[in-house]
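File shown: structure25.cif (mmCIF, C-alpha atoms).
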data_run
#
loop_
_atom_site.label_atom_id
_atom_site.label_comp_id
_atom_site.auth_asym_id
_atom_site.auth_seq_id
_atom_site.Cartn_x
_atom_site.Cartn_y
_atom_site.Cartn_z
CA MET A 1 55.29 -25.51 71.52
CA LYS A 2 51.65 -26.45 71.82
CA TRP A 3 50.36 -25.47 75.23
CA ASN A 4 48.18 -27.77 77.30
CA ASN A 5 44.87 -26.33 78.47
CA PHE A 6 44.70 -25.18 82.08
CA PHE A 7 42.05 -26.62 84.38
CA HIS A 8 40.84 -24.83 87.49
CA LYS A 9 37.65 -25.30 89.53
CA GLU A 10 35.97 -27.39 86.83
CA GLU A 11 36.71 -24.70 84.20
CA VAL A 12 38.85 -25.24 81.12
CA TYR A 13 41.08 -22.39 80.01
CA GLU A 14 41.95 -23.16 76.42
CA LEU A 15 45.36 -22.32 75.01
CA ALA A 16 45.02 -23.56 71.41
CA HIS A 17 44.98 -19.93 70.21
CA LEU A 18 48.64 -19.76 71.29
CA HIS A 19 49.79 -22.80 69.33
CA PRO A 20 52.53 -22.09 66.76
CA PHE A 21 51.48 -21.01 63.29
CA GLU A 22 53.06 -19.98 60.01
CA TRP A 23 52.56 -16.46 58.72
CA HIS A 24 53.64 -14.76 55.50
CA PHE A 25 54.19 -11.02 55.56
CA THR A 26 54.76 -9.05 52.35
CA ALA A 27 56.65 -5.81 52.77
CA GLU A 28 56.24 -3.21 50.05
CA ALA A 29 59.34 -1.88 48.31
CA ALA A 30 61.13 0.79 50.30
CA ASP A 31 64.39 2.65 49.74
CA LYS A 32 66.74 0.10 48.18
CA ARG A 33 64.63 -2.94 49.13
CA PRO A 34 62.26 -4.51 46.59
CA ASP A 35 58.88 -6.04 47.53
CA ARG A 36 59.68 -9.02 49.68
CA THR A 37 57.64 -11.74 51.34
CA TYR A 38 58.90 -13.00 54.70
CA LYS A 39 57.88 -16.39 56.04
CA PHE A 40 57.58 -16.58 59.81
CA HIS A 41 57.16 -19.47 62.20
CA VAL A 42 55.35 -17.81 65.13
CA THR A 43 55.52 -19.17 68.68
CA PHE A 44 54.30 -17.88 72.03
CA SER A 45 55.98 -18.29 75.40
CA MET A 46 54.07 -19.22 78.52
CA HIS A 47 54.75 -15.69 79.82
CA CYS A 48 51.81 -14.58 77.64
CA PHE A 49 49.37 -16.31 80.01
CA THR A 50 51.35 -16.78 83.24
CA ARG A 51 53.16 -14.48 85.64
CA ASP A 52 55.55 -14.45 88.57
CA PRO A 53 53.92 -14.31 91.98
CA LEU A 54 54.03 -10.97 93.75
CA PRO A 55 56.11 -10.61 96.91
CA ASN A 56 54.28 -12.06 99.92
CA GLU A 57 51.42 -13.27 97.68
CA GLU A 58 49.78 -16.45 98.94
CA ILE A 59 49.31 -18.82 96.02
CA ASP A 60 46.77 -21.61 95.67
CA SER A 61 48.85 -24.64 94.67
CA ASN A 62 46.32 -25.40 91.91
CA LEU A 63 47.21 -22.17 90.08
CA TRP A 64 50.70 -23.25 88.98
CA TYR A 65 51.17 -23.96 85.29
CA GLN A 66 53.89 -26.50 84.45
CA GLY A 67 55.91 -25.49 81.39
CA PRO A 68 58.80 -27.38 79.80
CA LYS A 69 61.45 -25.31 81.62
CA GLU A 70 59.67 -23.56 84.46
CA ASN A 71 56.54 -23.32 86.58
CA ARG A 72 54.65 -20.05 86.71
CA LEU A 73 51.41 -18.76 88.15
CA PHE A 74 48.50 -19.00 85.69
CA CYS A 75 47.14 -15.47 85.16
CA PHE A 76 43.47 -15.30 84.22
CA TYR A 77 43.81 -11.67 83.10
CA ARG A 78 46.78 -12.36 80.81
CA HIS A 79 44.98 -15.42 79.47
CA THR A 80 41.92 -13.35 78.53
CA LEU A 81 44.04 -10.74 76.75
CA SER A 82 46.11 -13.43 75.00
CA TYR A 83 43.22 -14.15 72.62
CA GLN A 84 44.21 -10.93 70.83
CA LEU A 85 47.81 -12.01 70.26
CA PRO A 86 47.55 -13.99 66.98
CA ASP A 87 45.78 -11.10 65.23
CA MET A 88 48.18 -8.57 66.74
CA ILE A 89 51.13 -10.54 65.38
CA LYS A 90 49.55 -10.81 61.94
CA SER A 91 49.22 -7.01 61.93
CA LEU A 92 52.80 -6.25 63.03
CA GLY A 93 53.68 -5.01 59.55
CA ASP A 94 51.14 -2.20 59.99
CA ARG A 95 51.94 -1.43 63.63
CA VAL A 96 54.42 0.80 65.33
CA CYS A 97 57.14 -1.40 66.79
CA TRP A 98 59.85 -0.34 69.17
CA HIS A 99 63.39 -1.61 69.53
CA THR A 100 64.59 -2.19 73.10
CA HIS A 101 68.11 -1.96 74.42
CA HIS A 102 67.93 -5.73 75.07
CA GLY A 103 67.85 -6.49 71.34
CA ASN A 104 64.20 -7.49 71.21
CA TYR A 105 61.13 -5.52 70.12
CA PHE A 106 57.68 -4.60 71.36
CA THR A 107 54.41 -3.13 70.27
CA ILE A 108 51.60 -1.68 72.35
CA GLU A 109 47.92 -2.34 71.84
CA LEU A 110 45.42 0.00 73.43
CA VAL A 111 42.74 -2.18 74.98
CA THR A 112 39.50 -1.09 76.56
CA GLN A 113 38.86 -2.70 79.90
CA GLU A 114 35.48 -1.67 81.29
CA GLY A 115 35.64 1.69 79.55
CA GLU A 116 39.28 2.37 80.43
CA VAL A 117 42.04 2.40 77.81
CA ILE A 118 45.05 0.39 78.93
CA GLU A 119 48.40 -0.40 77.33
CA TYR A 120 48.93 -4.06 76.46
CA GLU A 121 52.66 -4.52 75.84
CA VAL A 122 53.76 -7.38 73.59
CA TYR A 123 57.49 -8.22 73.49
CA PHE A 124 58.92 -10.35 70.70
CA ASP A 125 62.12 -11.35 68.97
CA VAL A 126 62.94 -12.37 65.41
CA THR A 127 65.65 -14.91 64.57
CA ARG A 128 66.72 -16.92 61.56
CA ALA A 129 65.04 -20.32 61.42
CA SER A 130 66.76 -23.60 60.61
CA ARG A 131 64.30 -23.99 57.73
CA LYS A 132 65.81 -22.23 54.73
CA GLY A 133 64.25 -18.84 53.96
CA TRP A 134 62.18 -18.77 57.15
CA LEU A 135 62.32 -16.60 60.26
CA ASN A 136 61.20 -17.32 63.80
CA LEU A 137 59.00 -14.76 65.53
CA ILE A 138 58.88 -15.54 69.23
CA VAL A 139 56.35 -13.70 71.38
CA GLN A 140 58.27 -13.57 74.64
CA THR A 141 55.68 -11.98 76.89
CA ALA A 142 52.54 -9.87 76.83
CA TYR A 143 50.96 -8.00 79.72
CA VAL A 144 49.32 -4.82 80.93
CA ARG A 145 51.31 -2.50 83.13
CA THR A 146 49.65 -2.27 86.52
CA GLU A 147 50.52 -0.99 89.95
CA ASP A 148 52.17 -4.35 90.62
CA TYR A 149 53.91 -4.48 87.23
CA LYS A 150 55.13 -0.93 86.75
CA THR A 151 56.50 0.27 83.46
CA THR A 152 60.08 -0.49 82.64
CA GLN A 153 59.73 0.48 79.02
CA PRO A 154 63.22 1.13 77.82
CA ARG A 155 64.27 4.20 75.94
CA LYS A 156 62.82 3.22 72.67
CA ARG A 157 63.42 3.71 69.01
CA ARG A 158 60.84 2.99 66.32
CA ILE A 159 61.58 0.16 63.94
CA ARG A 160 59.44 -1.45 61.25
CA LEU A 161 58.96 -5.19 61.06
CA ASP A 162 60.20 -5.27 57.46
CA VAL A 163 63.53 -3.75 58.59
CA VAL A 164 63.86 -6.34 61.37
CA ALA A 165 63.01 -9.19 58.99
CA TYR A 166 65.27 -7.96 56.19
CA ASN A 167 68.30 -7.45 58.42
CA THR A 168 67.75 -10.70 60.30
CA GLN A 169 67.41 -12.69 57.11
CA LEU A 170 70.59 -11.17 55.67
CA ARG A 171 72.45 -11.44 59.00
CA LYS A 172 72.90 -7.68 59.11
CA PRO A 173 73.22 -6.26 62.63
CA ILE A 174 70.49 -3.99 63.94
CA LYS A 175 71.81 -1.17 66.10
CA ARG A 176 70.34 -1.18 69.57
CA PRO A 177 69.15 2.10 71.05
CA ARG A 178 71.34 3.47 73.82
#
The structure given in the file should be rewritten as structure tokens.
Amino acid sequence: MKWNNFFHKEEVYELAHLHPFEWHFTAEAADKRPDRTYKFHVTFSMHCFTRDPLPNEEIDSNLWYQGPKENRLFCFYRHTLSYQLPDMIKSLGDRVCWHTHHGNYFTIELVTQEGEVIEYEVYFDVTRASRKGWLNLIVQTAYVRTEDYKTTQPRKRRIRLDVVAYNTQLRKPIKRPR
């Protein structure tokens, strides 16, 4: 899905950096697996730049972003951080990823915000694509935990992207952490 830019108070908030792209990731041989190149179609959900309103929060009606299935509050902070997402995704093979008990995955980027290190959580899923030999990598949401959005990080288990891609491509189940 290509996202439409957001307009607010004569400012344009561009979203082209979150348009889908194709990415090839080569995993080095490991254990019984040979070198293998995985082809991903990467997409981003609107949750990467929007949020739910907080309880009792008064919302300017001009701050709603209309998506194909839902309306959500445009989040200027999430939008600013979202510029990092394409490069983060392209580096997933070198990052620590975690498996959640929901069957999806996440990684955490440490971001400096005015001299403070914060955790930017990026949740994603990998599925088989309809295009033969391809996988879908869907970035489901990305945000910083704050007082209003407290951590709900599940008990987590490390998992490498090459393991996720290999098992998904071969339709092998991936055990969820308990």
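For the pair CA of Val96 in chain A and CA of Lys32 in chain A, the interatomic distance is 21.1 Å.
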For range 48-52 of chain A, what centre and edge lengths in Å (one decimal) does the axis-aligned box get once 6 Å is added on each side of all its listed atoms, as AutoDock Vina command-line options?
--center_x 52.5 --center_y -15.6 --center_z 83.1 --size_x 18.2 --size_y 14.3 --size_z 22.9
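The closest residue to Pro173 in chain A, picked from A:His47, A:Asn71, A:Gly103, A:Arg157 and counting all atoms listed in the file, is A:Gly103.
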Once you count all atoms listed in the file, what closest atom pair and distance in Å to one decimal does each residue of range 84-147 of chain A within 9 Å of range 166-172 of chain A have, with rows by chain and rising residue number, as a tab-separated table?
residue	atom	partner	partner_atom	distance
A:Val126	CA	A:Thr168	CA	7.2
A:Thr127	CA	A:Thr168	CA	6.4
A:Arg128	CA	A:Gln169	CA	6.2
A:Gly133	CA	A:Gln169	CA	7.6
A:Trp134	CA	A:Gln169	CA	8.0
A:Leu135	CA	A:Gln169	CA	7.1
To verify the selection step, state as a CSV table (one decimal) with C-alpha atoms, in the coordinates of the input which residues the PyMOL selection byres ((chain A and resi 74) around 12) yields on this input.
chain,number,residue,atom,x,y,z
A,5,ASN,CA,44.9,-26.3,78.5
A,6,PHE,CA,44.7,-25.2,82.1
A,7,PHE,CA,42.0,-26.6,84.4
A,8,HIS,CA,40.8,-24.8,87.5
A,13,TYR,CA,41.1,-22.4,80.0
A,15,LEU,CA,45.4,-22.3,75.0
A,46,MET,CA,54.1,-19.2,78.5
A,47,HIS,CA,54.8,-15.7,79.8
A,48,CYS,CA,51.8,-14.6,77.6
A,49,PHE,CA,49.4,-16.3,80.0
A,50,THR,CA,51.4,-16.8,83.2
A,51,ARG,CA,53.2,-14.5,85.6
A,52,ASP,CA,55.6,-14.4,88.6
A,53,PRO,CA,53.9,-14.3,92.0
A,59,ILE,CA,49.3,-18.8,96.0
A,60,ASP,CA,46.8,-21.6,95.7
A,61,SER,CA,48.8,-24.6,94.7
A,62,ASN,CA,46.3,-25.4,91.9
A,63,LEU,CA,47.2,-22.2,90.1
A,64,TRP,CA,50.7,-23.2,89.0
A,65,TYR,CA,51.2,-24.0,85.3
A,66,GLN,CA,53.9,-26.5,84.4
A,67,GLY,CA,55.9,-25.5,81.4
A,71,ASN,CA,56.5,-23.3,86.6
A,72,ARG,CA,54.6,-20.0,86.7
A,73,LEU,CA,51.4,-18.8,88.2
A,75,CYS,CA,47.1,-15.5,85.2
A,76,PHE,CA,43.5,-15.3,84.2
A,77,TYR,CA,43.8,-11.7,83.1
A,78,ARG,CA,46.8,-12.4,80.8
A,79,HIS,CA,45.0,-15.4,79.5
A,80,THR,CA,41.9,-13.4,78.5
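With all atoms listed in the file taken into account, the protein and nucleic acid residues at most 7 Å from range 16-28 of chain A (excluding it and anything under 5 positions from it in its own chain) are Met1, Lys2, Trp3, Asp35, Arg36, Thr37, Tyr38, Lys39, Phe40, His41, Val42, Thr43, Phe44, Tyr83 and Asp162 of chain A.
In this structure, CA of His99 in chain A sits 6.1 Å away from CA of Ile159 in chain A.
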Quiz prompt | Computed interatomic separation between CA of Arg145 in chain A and CA of Glu121 in chain A (Å) | solution = 7.7 Å
Quiz prompt | Proximity to Trp98 in chain A - best of A:Ala30, A:Tyr143, A:Leu85, A:Val164, all atoms listed in the file | solution = A:Val164
Quiz item: If the PyMOL selection byres ((chain A and resi 107) around 8) is run on the structure shown, which residues does it catch, given as a PyMOL selection string?
Solution: chain A and resi 95-98+105-106+108-109+121-123
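Ranking A:Asn56, A:Val111, A:Glu70, A:Val139 by their shortest atom-to-atom distance to Ile89 in chain A, with only C-alpha atoms included, puts A:Val139 first.
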Quiz item: Counting all atoms listed in the file, which of A:Asn136, A:Thr100, A:Gln113, A:Ser91 gets nearest to Lys156 in chain A?
Solution: A:Thr100
